[in-house]
$ cat start_34.csv   # CSV, C-alpha atoms
chain,number,residue,atom,x,y,z
T,740,MET,CA,22.3,-6.6,-7.3
T,741,PRO,CA,18.9,-7.4,-5.8
T,742,LEU,CA,18.1,-5.3,-2.7
T,743,SER,CA,17.7,-8.4,-0.5
T,744,ALA,CA,21.1,-9.6,-1.4
T,745,ALA,CA,22.6,-6.2,-0.7
T,746,MET,CA,20.8,-6.0,2.6
T,747,GLY,CA,21.2,-9.5,3.9
T,748,ARG,CA,18.2,-11.4,5.3
T,749,SER,CA,17.2,-9.0,8.0
T,750,LEU,CA,16.2,-5.3,8.2
T,751,GLY,CA,17.5,-5.4,11.8
T,752,SER,CA,20.8,-4.0,10.7
T,753,SER,CA,19.2,-1.1,8.9
T,754,SER,CA,19.3,1.0,12.1
T,755,THR,CA,22.1,1.8,14.5
T,756,MET,CA,21.7,0.8,18.2
T,757,GLU,CA,21.1,4.5,19.0
T,758,GLU,CA,18.3,4.7,16.4
T,759,THR,CA,16.8,1.5,17.6
T,760,ALA,CA,16.7,2.8,21.2
T,761,ALA,CA,15.1,6.1,20.1
T,762,LEU,CA,12.5,4.2,18.1
T,763,ARG,CA,11.7,1.9,21.0
T,764,ALA,CA,11.2,4.8,23.4
T,765,LEU,CA,8.8,6.5,21.0
T,766,LEU,CA,6.9,3.3,20.3
T,767,SER,CA,6.6,2.6,24.0
T,768,SER,CA,4.9,6.0,24.6
T,769,MET,CA,2.2,5.2,22.1
T,770,SER,CA,0.2,2.4,23.8
T,771,ASN,CA,-3.3,1.3,23.0
T,772,GLN,CA,-3.4,3.1,19.6
T,773,LEU,CA,-4.0,1.8,16.1
T,774,ILE,CA,-1.8,3.2,13.3
T,775,LEU,CA,-2.8,2.5,9.7
T,776,MET,CA,-0.2,2.4,7.0
T,777,VAL,CA,-1.4,2.2,3.4
T,778,GLY,CA,1.0,2.1,0.5
T,779,ASP,CA,3.5,0.1,-1.6
T,780,SER,CA,6.8,-1.7,-0.8
T,781,SER,CA,8.5,1.5,0.5
T,782,LEU,CA,5.8,1.9,3.2
T,783,ARG,CA,5.8,-1.9,3.8
T,784,ASN,CA,9.6,-1.7,4.6
T,785,GLN,CA,8.9,1.2,6.9
T,786,PHE,CA,6.2,-1.0,8.7
T,787,MET,CA,8.6,-3.9,8.9
T,788,GLN,CA,11.4,-1.8,10.5
T,789,LEU,CA,9.0,-0.5,13.1
T,790,ALA,CA,7.6,-4.0,13.8
T,791,ARG,CA,11.1,-5.3,14.2
T,792,VAL,CA,11.8,-2.7,16.9
T,793,GLY,CA,8.4,-2.8,18.6
T,794,LEU,CA,8.3,-6.6,18.8
T,795,ASP,CA,11.9,-7.0,19.9
T,796,PHE,CA,13.1,-9.2,17.0
T,797,ASN,CA,16.6,-10.4,17.0
T,798,ARG,CA,18.6,-7.9,14.8
T,799,GLU,CA,20.2,-10.7,12.8
T,800,LEU,CA,17.2,-12.9,12.1
T,801,PRO,CA,14.6,-12.1,9.4
T,802,VAL,CA,11.0,-11.5,10.5
T,803,ALA,CA,9.6,-14.7,8.8
T,804,TYR,CA,12.1,-16.9,10.7
T,805,SER,CA,11.4,-15.2,14.0
T,806,VAL,CA,7.6,-15.4,13.6
T,807,VAL,CA,7.7,-19.1,12.7
T,808,HIS,CA,9.8,-19.9,15.7
T,809,GLY,CA,8.1,-17.4,18.1
T,810,ASN,CA,11.3,-15.4,18.7
T,811,HIS,CA,9.6,-12.1,19.4
T,812,THR,CA,7.3,-10.3,21.8
T,813,GLY,CA,3.8,-9.0,21.0
T,814,ARG,CA,1.9,-10.3,18.0
T,815,PHE,CA,2.8,-10.5,14.2
T,816,LEU,CA,-0.3,-11.5,12.1
T,817,THR,CA,-0.7,-12.1,8.4
T,818,PRO,CA,-3.6,-13.4,6.2
T,819,PHE,CA,-1.7,-16.6,5.6
T,820,ALA,CA,-1.5,-19.4,8.1
T,821,THR,CA,2.3,-20.1,7.6
T,822,LEU,CA,5.3,-18.1,6.6
T,823,LEU,CA,8.4,-19.3,4.7
T,824,GLU,CA,11.1,-18.8,7.3
T,825,GLU,CA,13.9,-18.4,4.9
T,826,LYS,CA,12.5,-15.3,3.2
T,827,PRO,CA,14.4,-12.0,3.8
T,828,ASP,CA,12.6,-9.0,5.2
T,829,SER,CA,13.2,-7.1,1.9
T,830,SER,CA,11.8,-9.7,-0.5
T,831,ASN,CA,9.3,-7.8,-2.6
T,832,GLY,CA,8.4,-11.0,-4.4
T,833,TYR,CA,7.4,-12.7,-1.2
T,834,TRP,CA,6.1,-9.9,1.1
T,835,GLY,CA,4.5,-8.2,-1.9
T,836,GLN,CA,1.9,-11.0,-2.1
T,837,PHE,CA,0.5,-10.1,1.4
T,838,PRO,CA,-2.5,-7.7,1.2
T,839,TRP,CA,-2.0,-6.7,4.8
T,840,LEU,CA,0.3,-7.2,7.8
T,841,LEU,CA,-0.3,-6.5,11.5
T,842,ALA,CA,2.1,-6.0,14.4
T,843,SER,CA,1.1,-5.3,18.0
T,844,THR,CA,3.6,-4.4,20.7
T,845,ARG,CA,3.5,-5.4,24.4
T,846,ALA,CA,2.1,-1.9,25.1
T,847,ASN,CA,-0.8,-2.7,22.6
T,848,LEU,CA,0.3,-0.3,19.9
T,849,THR,CA,-1.1,-1.9,16.8
T,850,LEU,CA,0.5,-1.3,13.4
T,851,LEU,CA,-1.7,-2.3,10.4
T,852,TYR,CA,-0.2,-2.2,6.9
T,853,ALA,CA,-2.3,-2.4,3.8
T,854,LYS,CA,-0.9,-2.8,0.3
T,855,VAL,CA,-2.0,-0.3,-2.4
T,856,TRP,CA,-0.4,0.9,-5.6
T,857,GLY,CA,-2.5,4.0,-6.1
T,858,CYS,CA,-4.5,3.5,-9.3
T,859,SER,CA,-7.7,2.6,-7.7
T,860,SER,CA,-10.0,3.9,-4.9
T,861,ILE,CA,-8.5,3.8,-1.4
T,862,ALA,CA,-11.9,3.6,0.3
T,863,PRO,CA,-12.4,-0.2,-0.2
T,864,VAL,CA,-8.9,-0.8,1.2
T,865,VAL,CA,-9.7,1.1,4.3
T,866,GLN,CA,-13.1,-0.7,4.6
T,867,LYS,CA,-11.3,-4.0,4.3
T,868,MET,CA,-8.8,-3.2,7.0
T,869,ALA,CA,-11.6,-2.3,9.4
T,870,LEU,CA,-13.1,-5.8,8.7
T,871,VAL,CA,-9.6,-7.5,9.1
T,872,LEU,CA,-9.1,-5.8,12.5
T,873,HIS,CA,-12.6,-6.7,13.6
T,874,ASN,CA,-12.0,-10.4,12.8
T,875,GLU,CA,-8.5,-10.4,14.4
T,876,ARG,CA,-9.8,-8.8,17.6
T,877,ARG,CA,-12.2,-11.7,18.0
T,878,VAL,CA,-9.2,-13.9,18.6
T,879,HIS,CA,-6.8,-11.2,20.0
T,880,PRO,CA,-9.0,-8.8,21.9
T,881,GLU,CA,-6.0,-6.9,23.2
T,882,LEU,CA,-5.4,-5.4,19.7
T,883,ALA,CA,-6.3,-1.7,19.5
T,884,ALA,CA,-9.7,-0.9,18.2
T,885,TRP,CA,-10.9,0.8,15.0
T,886,PRO,CA,-10.7,3.6,13.9
T,887,PRO,CA,-7.0,4.4,13.7
T,888,ALA,CA,-5.5,7.3,15.6
T,889,VAL,CA,-3.2,7.9,12.6
T,890,ALA,CA,-3.2,7.0,9.0
T,891,LEU,CA,0.0,7.3,6.9
T,892,TRP,CA,-0.5,6.8,3.2
T,893,ASN,CA,1.5,7.0,-0.1
T,894,PHE,CA,1.5,5.8,-3.7
T,895,GLY,CA,3.4,6.7,-6.8
T,896,LEU,CA,6.3,4.5,-7.8
T,897,HIS,CA,4.1,1.7,-9.2
T,898,LEU,CA,2.5,4.2,-11.6
T,899,LEU,CA,5.8,4.8,-13.3
T,900,HIS,CA,7.4,2.6,-16.0
T,901,ILE,CA,10.8,1.5,-17.1
T,902,TYR,CA,9.6,0.2,-20.4
T,903,PRO,CA,10.4,-2.3,-21.8
T,904,ALA,CA,12.4,-3.6,-18.8
T,905,ARG,CA,9.6,-3.0,-16.3
T,906,PRO,CA,6.3,-2.3,-18.0
T,907,VAL,CA,3.2,-1.2,-16.2
T,908,ARG,CA,-0.4,-1.4,-17.3
T,909,THR,CA,-1.8,1.4,-19.5
T,910,SER,CA,-4.2,2.3,-16.7
T,911,ALA,CA,-1.2,2.9,-14.4
T,912,LEU,CA,0.4,5.2,-16.9
T,913,ARG,CA,-2.8,7.2,-17.2
T,914,CYS,CA,-3.0,7.4,-13.4
T,915,ALA,CA,0.6,8.7,-13.4
T,916,LEU,CA,-0.5,11.5,-15.7
T,917,GLU,CA,-3.3,12.4,-13.3
T,918,TYR,CA,-1.3,12.1,-10.1
T,919,GLU,CA,-2.6,15.3,-8.5
T,920,ARG,CA,-6.2,14.2,-9.0
T,921,LEU,CA,-5.4,10.8,-7.4
T,922,VAL,CA,-3.9,12.4,-4.3
T,923,ARG,CA,-6.9,14.7,-4.0
T,924,GLN,CA,-9.3,11.8,-4.4
T,925,SER,CA,-7.5,9.6,-1.9
T,926,LEU,CA,-7.5,12.5,0.7
T,927,HIS,CA,-11.3,13.0,0.2
T,928,GLU,CA,-12.0,9.3,0.6
T,929,LEU,CA,-9.9,9.1,3.8
T,930,ARG,CA,-11.7,12.1,5.2
T,931,VAL,CA,-15.0,10.4,4.6
T,932,ARG,CA,-13.9,7.0,6.0
T,933,LEU,CA,-11.8,8.3,8.8
T,934,PRO,CA,-13.1,11.7,9.9
T,935,ARG,CA,-11.4,11.7,13.3
T,936,THR,CA,-8.1,10.2,12.2
T,937,ARG,CA,-4.9,12.2,12.0
T,938,LEU,CA,-3.8,12.0,8.4
T,939,VAL,CA,-0.1,12.0,7.2
T,940,TRP,CA,0.9,11.9,3.6
T,941,ARG,CA,4.3,10.2,2.8
T,942,THR,CA,6.0,11.6,-0.3
T,943,THR,CA,7.3,9.0,-2.7
T,944,ASN,CA,11.0,8.0,-2.3
T,945,ALA,CA,13.4,9.8,-4.7
T,946,VAL,CA,14.6,7.5,-7.4
T,947,CYS,CA,18.3,7.2,-7.9
T,948,GLU,CA,18.5,5.9,-11.5
T,949,SER,CA,22.3,5.7,-11.5
T,950,SER,CA,21.8,2.6,-9.4
T,951,PHE,CA,19.9,0.8,-12.2
T,952,GLU,CA,21.6,-2.0,-13.9
T,953,GLY,CA,21.2,-4.1,-17.1
T,954,ALA,CA,18.0,-3.4,-19.0
T,955,TRP,CA,17.0,-0.8,-16.5
T,956,ALA,CA,20.1,1.2,-17.0
T,957,LEU,CA,19.7,0.9,-20.8
T,958,ALA,CA,16.2,2.3,-20.4
T,959,VAL,CA,17.6,5.3,-18.5
T,960,ARG,CA,19.9,6.1,-21.4
T,961,ALA,CA,17.1,5.9,-23.8
T,962,TYR,CA,14.6,8.1,-22.0
T,963,HIS,CA,17.2,10.6,-20.8
T,964,CYS,CA,18.5,10.9,-24.4
T,965,ALA,CA,15.0,12.0,-25.3
T,966,GLU,CA,15.7,15.2,-23.3
T,967,GLY,CA,19.5,15.4,-24.0
T,968,ASP,CA,20.4,14.8,-20.4
T,969,GLY,CA,24.1,14.9,-20.9
T,970,PHE,CA,24.6,11.6,-22.8
T,971,HIS,CA,26.8,11.7,-25.9
T,972,ASN,CA,24.8,12.1,-29.1
T,973,ARG,CA,26.6,9.2,-30.6
T,974,SER,CA,25.3,6.9,-27.9
T,975,CYS,CA,21.8,8.3,-28.1
T,976,SER,CA,21.6,7.6,-31.8
T,977,LEU,CA,22.3,3.9,-31.4
T,978,PRO,CA,19.4,1.9,-32.9
T,979,LYS,CA,18.7,0.0,-29.7
T,980,ILE,CA,18.4,3.2,-27.8
T,981,ALA,CA,16.0,4.8,-30.3
T,982,ARG,CA,14.0,1.6,-30.4
T,983,ILE,CA,13.3,1.6,-26.7
T,984,ARG,CA,11.5,5.0,-27.0
T,985,LYS,CA,9.6,3.8,-30.0
T,986,LEU,CA,8.4,0.7,-28.1
T,987,CYS,CA,7.0,3.0,-25.4
T,988,LEU,CA,5.0,5.0,-28.0
T,989,TRP,CA,3.6,1.9,-29.6
T,990,ARG,CA,2.8,0.1,-26.4
T,991,TYR,CA,1.0,2.9,-24.7
T,992,ASN,CA,-0.2,5.0,-27.6
T,993,ILE,CA,1.2,8.2,-26.2
T,994,SER,CA,3.7,10.8,-27.3
T,995,ASP,CA,7.5,10.6,-26.7
T,996,SER,CA,7.3,13.4,-24.1
T,997,LEU,CA,4.6,11.6,-22.1
T,998,CYS,CA,6.7,8.4,-22.2
T,999,ARG,CA,9.4,10.5,-20.7
T,1000,ASP,CA,7.1,12.2,-18.1
T,1001,THR,CA,6.0,8.7,-16.8
T,1002,PHE,CA,9.5,7.1,-16.6
T,1003,MET,CA,10.7,6.1,-13.2
T,1004,ASP,CA,13.5,8.5,-12.3
T,1005,ARG,CA,14.3,11.3,-9.9
T,1006,ARG,CA,12.7,13.9,-12.2
T,1007,ASN,CA,9.3,12.3,-12.1
T,1008,THR,CA,9.3,11.3,-8.5
T,1009,ALA,CA,10.2,14.9,-7.7
T,1010,ALA,CA,7.2,15.9,-9.9
T,1011,GLN,CA,5.0,13.6,-7.9
T,1012,ARG,CA,6.2,15.2,-4.7
T,1013,GLU,CA,5.3,18.7,-6.0
T,1014,SER,CA,1.9,17.6,-7.2
T,1015,ALA,CA,1.0,16.0,-3.9
T,1016,LEU,CA,2.2,19.0,-1.9
T,1017,ALA,CA,0.1,21.3,-4.1
T,1018,VAL,CA,-2.9,19.4,-3.1
T,1019,LEU,CA,-2.0,19.3,0.6
T,1020,ARG,CA,-1.2,23.0,0.9
T,1021,SER,CA,-4.8,23.9,0.5
T,1022,ALA,CA,-6.3,21.0,2.5
T,1023,GLN,CA,-8.4,21.9,5.4
T,1024,PRO,CA,-8.2,20.5,8.1
T,1025,ARG,CA,-4.5,20.5,7.6
T,1026,VAL,CA,-2.7,17.3,6.5
T,1027,GLU,CA,0.8,16.6,7.7
T,1028,THR,CA,3.6,15.5,5.4
T,1029,LEU,CA,6.4,13.0,6.0
T,1030,ASP,CA,8.8,14.0,3.3
T,1031,ALA,CA,10.5,10.7,2.4
T,1032,PHE,CA,11.5,12.2,-0.9
T,1033,GLY,CA,13.6,14.9,0.9
T,1034,MET,CA,15.2,12.3,3.1
T,1035,THR,CA,16.1,9.9,0.2
T,1036,ASP,CA,17.1,12.5,-2.5
T,1037,ALA,CA,20.8,12.3,-3.5
T,1038,GLN,CA,21.3,9.4,-1.1
T,1039,CYS,CA,22.4,6.9,-3.8
T,1040,SER,CA,24.9,5.3,-1.5
T,1041,SER,CA,22.0,4.1,0.6
T,1042,THR,CA,20.2,2.2,-2.1
T,1043,ALA,CA,21.0,-1.0,-4.0
T,1044,ASP,CA,18.1,-0.8,-6.4
T,1045,GLY,CA,17.5,2.9,-6.8
T,1046,ARG,CA,14.1,2.8,-5.1
T,1047,HIS,CA,14.4,1.5,-1.6
T,1048,TYR,CA,16.7,2.9,1.1
T,1049,PRO,CA,17.1,0.4,4.0
T,1050,PRO,CA,19.8,2.5,5.9
T,1051,LEU,CA,17.4,5.5,5.9
T,1052,LEU,CA,14.3,3.6,7.3
T,1053,ALA,CA,15.1,4.5,10.9
T,1054,ARG,CA,15.6,8.1,10.0
T,1055,ILE,CA,12.3,8.2,8.2
T,1056,ASN,CA,10.5,6.5,11.0
T,1057,LEU,CA,12.1,8.7,13.7
T,1058,ALA,CA,10.9,11.8,11.8
T,1059,TRP,CA,7.4,10.4,11.6
T,1060,LEU,CA,7.1,9.2,15.2
T,1061,ARG,CA,8.5,12.5,16.5
T,1062,MET,CA,5.9,14.3,14.4
T,1063,LEU,CA,3.2,12.2,16.0
T,1064,ASN,CA,4.4,13.1,19.5
T,1065,ARG,CA,3.8,16.7,18.7
T,1066,PRO,CA,0.3,18.3,18.7
T,1067,ILE,CA,-0.9,18.8,15.1
T,1068,SER,CA,-0.7,22.5,14.0
T,1069,VAL,CA,-3.8,24.0,12.7
T,1070,SER,CA,-2.0,26.5,10.4
$ encode --input "start_34.csv" --output "C-alpha cells"
Amino acid sequence: MPLSAAMGRSLGSSSTMEETAALRALLSSMSNQLILMVGDSSLRNQFMQLARVGLDFNRELPVAYSVVHGNHTGRFLTPFATLLEEKPDSSNGYWGQFPWLLASTRANLTLLYAKVWGCSSIAPVVQKMALVLHNERRVHPELAAWPPAVALWNFGLHLLHIYPARPVRTSALRCALEYERLVRQSLHELRVRLPRTRLVWRTTNAVCESSFEGAWALAVRAYHCAEGDGFHNRSCSLPKIARIRKLCLWRYNISDSLCRDTFMDRRNTAAQRESALAVLRSAQPRVETLDAFGMTDAQCSSTADGRHYPPLLARINLAWLRMLNRPISVS
C-alpha cells in the first residue's frame, strides 16, 4: 500500500494533540532563528510536520490545499508559483520534485529544507540555500537571516538498492560502499561553509523490510537467501530468486556479497548508522546526533512502506527540538 494511501492526505494526524502542543511550545521559544534541514524524503517529512505545527495548519487538510487557500499563519514558500492542492503531504512523487521548501512562523522561526540524496558534495546545496534565502528576504524581510543557527543533515536510503524492483545508479552504489567517507566529507564541507552553526547529524531511518510488498518483497527473499537469513532452502533455490541476485551482479559489476551489502534493509541501514557514528565520535568540535534509526528500529507497525514512519515524526521532532533547547555539550 502506498504510504500516502495509508496515511491519508494530511500529516496532521501523525501527532497526538499532546505532542502537537509540546511541539508548538518548543517552536514558539525559538523566534528569529534560521534552521537548515538538508536530506531526503525522511527529513522532508520531518520538515513538513514541523511546518504544519508552526504555521497552524488544519490537522485534516493537506499542506498544498491549505497553502493554495491561505489557511495557515506565517509563510510557506516554494520554488514553484503554484501548488497542486489535491496532493497529500506524503507524496514523494510530488514533493520530491521540490529542491527546497521554506516555512516561517509568526515568531519568525524560519525552517529551510533542501533536498539531497548524498552522493554529491553538500557544499553547493548550502551555497544555493544561502542564495535562495537572500532572494526570498528581498520580498519577505521578516525571514530569519543567514547563516543558520542550526543545521540538521542526513543521507543514506537513496544510496541503497532493491534491484531490480528499485534500481539505483552505479555511482550511488559506489557511494553506499564509501558511506563513512561521505559522512566525513559532508561534515568537513559544513564546517567550512557554516563555521558558527550548530550541526546535528540525523541517522538514517531503520528499514523494516517485512513491510515490503510485491517485487520488493521478492527482492528481500533473494538477497536474504544470499546469507541464509532463515528462508527455506527450497524457496531460495527457485530460479526467479537466484536470477535476481545474478541480475545485480551483471548490472553493477560487483560481487554477490557487495550486492547484499548495498541492499535496502535493516542490516545495511544499521551499518550506515554505525559508520556515521564512527565519524562523529572523533569530530571536534562535537557534532550532536539525532538518532532516528534508534527511534524507528523495530517499529514496523508505524510504517506502511518500510522506510517512512509518520506516527513517529512528532517523537523524532520532539527529541530534536528538546536537544536544541539544551546547551551543546563540549565533551
$ closest_residue --input "start_34.csv" --among "T:Leu898, T:Ala1022, T:Leu766, T:Ala853" --to "T:Leu916" --atoms "all atoms listed in the file"
T:Leu898
$ atom_distance --input "start_34.csv" --atom1 "atom CA of T:Pro827" --atom2 "atom CA of T:Leu1051"
17.9 Å
$ closest_residue --input "start_34.csv" --among "T:Ala888, T:Leu823, T:Ala803, T:Ala1015" --to "T:Glu919" --atoms "only C-alpha atoms"
T:Ala1015
$ atom_distance --input "start_34.csv" --atom1 "atom CA of T:Leu896" --atom2 "atom CA of T:Asn944"
8.0 Å
$ residues_around --input "start_34.csv" --residues "T:Ser1040" --least-positions-apart "2" --cutoff "12 Å" --atoms "all atoms listed in the file" --output "list in words"
Ala745, Cys947, Glu948, Ser949, Ser950, Thr1035, Asp1036, Ala1037, Gln1038, Thr1042, Ala1043, Asp1044, Gly1045, Arg1046, His1047, Tyr1048, Pro1049, Pro1050 and Leu1051 of chain T
$ closest_residue --input "start_34.csv" --among "T:Glu881, T:Glu875, T:Glu1013, T:Asp828" --to "T:Asn771" --atoms "all atoms listed in the file"
T:Glu881
$ closest_residue --input "start_34.csv" --among "T:Pro903, T:Pro934, T:Gly857, T:Pro887" --to "T:Val959" --atoms "all atoms listed in the file"
T:Pro903
